[in-house]
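File shown: entry-v1.cif (mmCIF, N, CA and C atoms).
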```cif
data_my_file
#
loop_
_atom_site.label_atom_id
_atom_site.label_comp_id
_atom_site.auth_asym_id
_atom_site.auth_seq_id
_atom_site.Cartn_x
_atom_site.Cartn_y
_atom_site.Cartn_z
N MET O 1 -1.52 16.87 -30.77
CA MET O 1 -0.87 15.94 -31.65
C MET O 1 -1.71 14.67 -31.81
N VAL O 2 -2.35 14.24 -30.73
CA VAL O 2 -3.18 13.03 -30.81
C VAL O 2 -4.37 13.27 -31.73
N ASP O 3 -4.99 14.44 -31.61
CA ASP O 3 -6.11 14.75 -32.51
C ASP O 3 -5.67 14.77 -33.96
N LEU O 4 -4.49 15.28 -34.21
CA LEU O 4 -3.95 15.32 -35.57
C LEU O 4 -3.73 13.90 -36.09
N MET O 5 -3.20 13.03 -35.24
CA MET O 5 -3.00 11.65 -35.65
C MET O 5 -4.33 10.95 -35.93
N LYS O 6 -5.32 11.24 -35.10
CA LYS O 6 -6.63 10.61 -35.28
C LYS O 6 -7.29 11.05 -36.58
N THR O 7 -7.08 12.29 -36.98
CA THR O 7 -7.73 12.77 -38.20
C THR O 7 -7.05 12.26 -39.46
N TYR O 8 -5.74 12.10 -39.43
CA TYR O 8 -5.02 11.71 -40.64
C TYR O 8 -4.81 10.20 -40.79
N MET O 9 -4.91 9.45 -39.71
CA MET O 9 -4.72 8.00 -39.79
C MET O 9 -6.08 7.32 -39.79
N PRO O 10 -6.27 6.33 -40.60
CA PRO O 10 -7.54 5.61 -40.57
C PRO O 10 -7.69 4.82 -39.28
N MET O 11 -8.88 4.86 -38.68
CA MET O 11 -9.09 4.22 -37.38
C MET O 11 -9.03 2.69 -37.48
N ASP O 12 -9.26 2.13 -38.67
CA ASP O 12 -9.21 0.69 -38.80
C ASP O 12 -7.88 0.21 -39.38
N GLY O 13 -6.90 1.08 -39.46
CA GLY O 13 -5.58 0.72 -39.97
C GLY O 13 -4.75 -0.02 -38.96
N ILE O 14 -3.68 -0.61 -39.41
CA ILE O 14 -2.82 -1.41 -38.55
C ILE O 14 -2.12 -0.55 -37.49
N ALA O 15 -1.79 0.68 -37.82
CA ALA O 15 -1.10 1.56 -36.86
C ALA O 15 -2.02 1.89 -35.69
N MET O 16 -3.27 2.24 -35.97
CA MET O 16 -4.19 2.60 -34.89
C MET O 16 -4.58 1.38 -34.06
N LYS O 17 -4.73 0.23 -34.71
CA LYS O 17 -5.04 -0.99 -33.95
C LYS O 17 -3.89 -1.35 -33.01
N THR O 18 -2.67 -1.14 -33.49
CA THR O 18 -1.50 -1.40 -32.64
C THR O 18 -1.47 -0.44 -31.46
N LEU O 19 -1.73 0.85 -31.70
CA LEU O 19 -1.75 1.83 -30.63
C LEU O 19 -2.82 1.51 -29.59
N PHE O 20 -4.00 1.11 -30.05
CA PHE O 20 -5.08 0.76 -29.12
C PHE O 20 -4.73 -0.48 -28.30
N THR O 21 -4.09 -1.46 -28.94
CA THR O 21 -3.71 -2.68 -28.23
C THR O 21 -2.66 -2.39 -27.18
N VAL O 22 -1.64 -1.64 -27.54
CA VAL O 22 -0.59 -1.29 -26.59
C VAL O 22 -1.15 -0.40 -25.48
N GLY O 23 -2.03 0.51 -25.84
CA GLY O 23 -2.64 1.38 -24.84
C GLY O 23 -3.51 0.63 -23.85
N SER O 24 -4.15 -0.43 -24.30
CA SER O 24 -4.99 -1.20 -23.38
C SER O 24 -4.15 -2.07 -22.45
N LEU O 25 -2.90 -2.33 -22.79
CA LEU O 25 -2.02 -3.13 -21.94
C LEU O 25 -1.31 -2.30 -20.86
N LEU O 26 -1.32 -0.99 -20.99
CA LEU O 26 -0.60 -0.15 -20.03
C LEU O 26 -1.07 -0.30 -18.59
N PRO O 27 -2.38 -0.40 -18.30
CA PRO O 27 -2.77 -0.63 -16.89
C PRO O 27 -2.21 -1.93 -16.33
N THR O 28 -2.12 -2.95 -17.16
CA THR O 28 -1.56 -4.22 -16.71
C THR O 28 -0.08 -4.06 -16.37
N VAL O 29 0.64 -3.31 -17.16
CA VAL O 29 2.06 -3.07 -16.88
C VAL O 29 2.21 -2.28 -15.58
N GLY O 30 1.34 -1.31 -15.36
CA GLY O 30 1.38 -0.53 -14.12
C GLY O 30 1.14 -1.37 -12.89
N ILE O 31 0.16 -2.27 -12.96
CA ILE O 31 -0.12 -3.16 -11.84
C ILE O 31 1.06 -4.11 -11.61
N ALA O 32 1.66 -4.59 -12.68
CA ALA O 32 2.82 -5.49 -12.54
C ALA O 32 4.00 -4.77 -11.88
N ILE O 33 4.22 -3.52 -12.23
CA ILE O 33 5.30 -2.75 -11.61
C ILE O 33 5.01 -2.54 -10.12
N LEU O 34 3.75 -2.22 -9.79
CA LEU O 34 3.38 -2.07 -8.38
C LEU O 34 3.59 -3.37 -7.62
N LEU O 35 3.17 -4.49 -8.22
CA LEU O 35 3.36 -5.78 -7.55
C LEU O 35 4.83 -6.07 -7.28
N LYS O 36 5.66 -5.77 -8.24
CA LYS O 36 7.10 -6.04 -8.08
C LYS O 36 7.69 -5.18 -6.96
N GLN O 37 7.24 -3.96 -6.81
CA GLN O 37 7.79 -3.06 -5.80
C GLN O 37 7.19 -3.30 -4.41
N VAL O 38 5.91 -3.62 -4.35
CA VAL O 38 5.20 -3.66 -3.07
C VAL O 38 5.27 -5.03 -2.40
N ILE O 39 5.15 -6.08 -3.17
CA ILE O 39 5.01 -7.42 -2.61
C ILE O 39 6.38 -7.96 -2.20
N SER O 40 6.53 -8.25 -0.91
CA SER O 40 7.77 -8.86 -0.44
C SER O 40 7.50 -10.24 0.18
N LYS O 41 6.28 -10.49 0.62
CA LYS O 41 5.90 -11.80 1.14
C LYS O 41 4.49 -12.13 0.64
N PRO O 42 4.12 -13.38 0.64
CA PRO O 42 2.84 -13.78 0.03
C PRO O 42 1.61 -13.13 0.65
N THR O 43 1.65 -12.79 1.92
CA THR O 43 0.47 -12.18 2.55
C THR O 43 0.25 -10.74 2.08
N ASP O 44 1.25 -10.14 1.46
CA ASP O 44 1.07 -8.78 0.94
C ASP O 44 0.09 -8.74 -0.22
N PHE O 45 -0.10 -9.89 -0.89
CA PHE O 45 -1.08 -9.94 -1.97
C PHE O 45 -2.48 -9.59 -1.47
N LEU O 46 -2.79 -10.03 -0.25
CA LEU O 46 -4.13 -9.80 0.29
C LEU O 46 -4.45 -8.32 0.39
N THR O 47 -3.55 -7.56 0.99
CA THR O 47 -3.82 -6.13 1.15
C THR O 47 -3.77 -5.40 -0.19
N PHE O 48 -2.91 -5.85 -1.09
CA PHE O 48 -2.80 -5.22 -2.40
C PHE O 48 -4.09 -5.37 -3.19
N PHE O 49 -4.59 -6.60 -3.27
CA PHE O 49 -5.81 -6.84 -4.03
C PHE O 49 -7.05 -6.33 -3.30
N PHE O 50 -6.99 -6.28 -1.97
CA PHE O 50 -8.10 -5.71 -1.22
C PHE O 50 -8.28 -4.24 -1.55
N GLY O 51 -7.19 -3.53 -1.74
CA GLY O 51 -7.29 -2.11 -2.10
C GLY O 51 -7.93 -1.91 -3.46
N PHE O 52 -7.55 -2.73 -4.44
CA PHE O 52 -8.18 -2.62 -5.76
C PHE O 52 -9.63 -3.05 -5.72
N THR O 53 -9.95 -4.08 -4.94
CA THR O 53 -11.34 -4.51 -4.81
C THR O 53 -12.17 -3.44 -4.11
N LEU O 54 -11.62 -2.84 -3.09
CA LEU O 54 -12.31 -1.76 -2.38
C LEU O 54 -12.59 -0.61 -3.33
N SER O 55 -11.63 -0.30 -4.16
CA SER O 55 -11.81 0.78 -5.12
C SER O 55 -12.92 0.45 -6.11
N ALA O 56 -12.97 -0.79 -6.58
CA ALA O 56 -13.97 -1.18 -7.57
C ALA O 56 -15.36 -1.27 -6.96
N VAL O 57 -15.47 -1.82 -5.77
CA VAL O 57 -16.78 -2.03 -5.15
C VAL O 57 -17.39 -0.72 -4.67
N MET O 58 -16.58 0.10 -4.04
CA MET O 58 -17.10 1.35 -3.49
C MET O 58 -17.25 2.43 -4.56
N GLY O 59 -16.67 2.22 -5.70
CA GLY O 59 -16.77 3.21 -6.76
C GLY O 59 -15.86 4.42 -6.54
N CYS O 60 -14.93 4.29 -5.61
CA CYS O 60 -14.01 5.39 -5.37
C CYS O 60 -12.74 5.19 -6.19
N ASN O 61 -11.98 6.25 -6.35
CA ASN O 61 -10.74 6.12 -7.10
C ASN O 61 -9.65 5.54 -6.20
N LEU O 62 -8.49 5.27 -6.78
CA LEU O 62 -7.42 4.64 -6.01
C LEU O 62 -6.84 5.57 -4.95
N ILE O 63 -6.94 6.87 -5.15
CA ILE O 63 -6.45 7.82 -4.14
C ILE O 63 -7.28 7.70 -2.88
N ALA O 64 -8.60 7.61 -3.02
CA ALA O 64 -9.47 7.45 -1.85
C ALA O 64 -9.23 6.11 -1.18
N ALA O 65 -9.04 5.05 -1.96
CA ALA O 65 -8.74 3.74 -1.39
C ALA O 65 -7.41 3.77 -0.65
N ALA O 66 -6.43 4.51 -1.16
CA ALA O 66 -5.14 4.64 -0.48
C ALA O 66 -5.31 5.40 0.84
N GLY O 67 -6.16 6.41 0.85
CA GLY O 67 -6.44 7.14 2.09
C GLY O 67 -7.07 6.24 3.13
N ILE O 68 -8.01 5.41 2.73
CA ILE O 68 -8.64 4.45 3.64
C ILE O 68 -7.59 3.45 4.13
N GLY O 69 -6.72 3.01 3.23
CA GLY O 69 -5.65 2.09 3.61
C GLY O 69 -4.69 2.72 4.61
N CYS O 70 -4.38 3.99 4.44
CA CYS O 70 -3.51 4.69 5.39
C CYS O 70 -4.15 4.75 6.78
N PHE O 71 -5.46 4.96 6.80
CA PHE O 71 -6.18 5.00 8.06
C PHE O 71 -6.05 3.65 8.78
N PHE O 72 -6.27 2.55 8.06
CA PHE O 72 -6.16 1.23 8.67
C PHE O 72 -4.71 0.91 9.04
N ALA O 73 -3.75 1.38 8.27
CA ALA O 73 -2.34 1.18 8.60
C ALA O 73 -1.98 1.92 9.88
N LEU O 74 -2.52 3.11 10.06
CA LEU O 74 -2.27 3.87 11.29
C LEU O 74 -2.85 3.14 12.50
N ILE O 75 -4.06 2.60 12.35
CA ILE O 75 -4.67 1.84 13.45
C ILE O 75 -3.81 0.61 13.76
N ASN O 76 -3.35 -0.10 12.73
CA ASN O 76 -2.51 -1.28 12.93
C ASN O 76 -1.20 -0.89 13.62
N TYR O 77 -0.61 0.21 13.24
CA TYR O 77 0.63 0.68 13.85
C TYR O 77 0.41 0.99 15.33
N GLU O 78 -0.68 1.66 15.65
CA GLU O 78 -0.96 2.00 17.05
C GLU O 78 -1.17 0.75 17.88
N ILE O 79 -1.88 -0.23 17.36
CA ILE O 79 -2.10 -1.48 18.09
C ILE O 79 -0.78 -2.22 18.30
N ALA O 80 0.06 -2.27 17.27
CA ALA O 80 1.34 -2.96 17.39
C ALA O 80 2.24 -2.25 18.40
N SER O 81 2.23 -0.92 18.42
CA SER O 81 3.08 -0.21 19.37
C SER O 81 2.56 -0.38 20.80
N LEU O 82 1.25 -0.50 20.98
CA LEU O 82 0.71 -0.76 22.31
C LEU O 82 1.12 -2.15 22.79
N LYS O 83 1.11 -3.13 21.89
CA LYS O 83 1.54 -4.48 22.28
C LYS O 83 3.00 -4.49 22.69
N ILE O 84 3.83 -3.74 21.98
CA ILE O 84 5.26 -3.68 22.32
C ILE O 84 5.44 -2.98 23.66
N ASP O 85 4.68 -1.90 23.89
CA ASP O 85 4.79 -1.18 25.16
C ASP O 85 4.35 -2.06 26.32
N LEU O 86 3.28 -2.84 26.13
CA LEU O 86 2.82 -3.71 27.20
C LEU O 86 3.80 -4.85 27.46
N ALA O 87 4.46 -5.33 26.42
CA ALA O 87 5.44 -6.40 26.59
C ALA O 87 6.67 -5.89 27.33
N ASN O 88 7.05 -4.64 27.13
CA ASN O 88 8.24 -4.08 27.77
C ASN O 88 7.95 -3.44 29.11
N ALA O 89 6.70 -3.27 29.49
CA ALA O 89 6.35 -2.58 30.73
C ALA O 89 6.86 -3.30 31.97
N PRO O 90 6.68 -4.61 32.11
CA PRO O 90 7.22 -5.25 33.34
C PRO O 90 8.74 -5.16 33.44
N LYS O 91 9.44 -5.21 32.35
CA LYS O 91 10.89 -5.10 32.37
C LYS O 91 11.31 -3.72 32.85
N ALA O 92 10.59 -2.70 32.42
CA ALA O 92 10.91 -1.34 32.83
C ALA O 92 10.63 -1.14 34.31
N ALA O 93 9.57 -1.76 34.82
CA ALA O 93 9.24 -1.63 36.24
C ALA O 93 10.30 -2.32 37.09
N ASN O 94 10.76 -3.48 36.67
CA ASN O 94 11.81 -4.19 37.41
C ASN O 94 13.12 -3.42 37.40
N ALA O 95 13.42 -2.81 36.27
CA ALA O 95 14.67 -2.06 36.15
C ALA O 95 14.65 -0.84 37.07
N SER O 96 13.52 -0.15 37.14
CA SER O 96 13.46 1.03 37.99
C SER O 96 13.46 0.63 39.46
N GLY O 97 12.88 -0.51 39.80
CA GLY O 97 12.89 -0.98 41.18
C GLY O 97 14.29 -1.33 41.64
N SER O 98 15.09 -1.92 40.78
CA SER O 98 16.46 -2.28 41.16
C SER O 98 17.31 -1.02 41.32
N ASP O 99 17.02 0.03 40.58
CA ASP O 99 17.77 1.27 40.74
C ASP O 99 17.49 1.90 42.10
N ASP O 100 16.25 1.81 42.55
CA ASP O 100 15.90 2.37 43.86
C ASP O 100 16.62 1.63 44.98
N GLU O 101 16.72 0.31 44.84
CA GLU O 101 17.40 -0.47 45.86
C GLU O 101 18.89 -0.12 45.91
N GLU O 102 19.50 0.11 44.78
CA GLU O 102 20.91 0.46 44.75
C GLU O 102 21.13 1.81 45.42
N GLU O 103 20.21 2.73 45.22
CA GLU O 103 20.37 4.05 45.85
C GLU O 103 20.24 3.94 47.35
N GLU O 104 19.40 3.05 47.86
CA GLU O 104 19.24 2.90 49.30
C GLU O 104 20.47 2.29 49.93
N ASP O 105 21.15 1.39 49.18
CA ASP O 105 22.35 0.76 49.74
C ASP O 105 23.49 1.77 49.86
N ILE O 106 23.52 2.74 49.02
CA ILE O 106 24.61 3.71 49.06
C ILE O 106 24.34 4.64 50.19
#
```
Kindly return the structure encoded in the file as structure tokens.
Amino acid sequence: MVDLMKTYMPMDGIAMKTLFTVGSLLPTVGIAILLKQVISKPTDFLTFFFGFTLSAVMGCNLIAAAGIGCFFALINYEIASLKIDLANAPKAANASGSDDEEEEDI
């Protein structure tokens, strides 16, 4: 259908210029929709734009940049869970020690 439209409509006509203008704005609309869904705090802008910059600089597509981002997110998750485990470790040791003392009293 697009080829048919291209052959019958003049390329310098108002209809084709309008289609080209609207078509060139679609990536901007897509990025705006992503921003609205993804960004919840101001620091989220950094990771969002870093992904697009990574895609542009490395010459990879956005799927590859998303894969790299998932890898870094997994590393960040593991580090955060280790920090939580280390913060809760002394509490768990104290709790198990008090249970042993209660069993000895009985």
**Request:** List the neighbours of segment 65-79 of chain O out to 7 Å using all atoms listed in the file; skip same-chain residues closer than 6 positions along the sequence, and give me the result as a PyMOL selection string.
**Result:** chain O and resi 51+54-55
Convert the current residue selection to file output with N, CA and C atoms, as a PDB file, keeping the file's coordinate frame.
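Generated output (again.pdb):
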```
ATOM      1  N   GLY O  51      -7.190  -3.530  -1.740  1.00  0.00           N
ATOM      2  CA  GLY O  51      -7.290  -2.110  -2.100  1.00  0.00           C
ATOM      3  C   GLY O  51      -7.930  -1.910  -3.460  1.00  0.00           C
ATOM      4  N   LEU O  54     -11.620  -2.840  -3.090  1.00  0.00           N
ATOM      5  CA  LEU O  54     -12.310  -1.760  -2.380  1.00  0.00           C
ATOM      6  C   LEU O  54     -12.590  -0.610  -3.330  1.00  0.00           C
ATOM      7  N   SER O  55     -11.630  -0.300  -4.160  1.00  0.00           N
ATOM      8  CA  SER O  55     -11.810   0.780  -5.120  1.00  0.00           C
ATOM      9  C   SER O  55     -12.920   0.450  -6.110  1.00  0.00           C
TER      10      SER O  55
END
```
**Prompt:** When you draw a straight line from atom C of Ile63 of chain O to atom C of Pro27 of chain O, how long is it in Å?
**Reply:**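 Result for atom C of Ile63 of chain O versus atom C of Pro27 of chain O: 17.3 Å, one decimal.
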**Request:** Enter the distance from atom N of Leu26 of chain O to atom C of Thr47 of chain O, in Å, rounded to one decimal.
**Result:**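 Separating atom N of Leu26 of chain O from atom C of Thr47 of chain O is a distance of 21.4 Å.
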**Separation of atom N of Asn88 of chain O from atom C of Lys41 of chain O in Å** =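 That distance, rounded to one decimal, is 27.6 Å.
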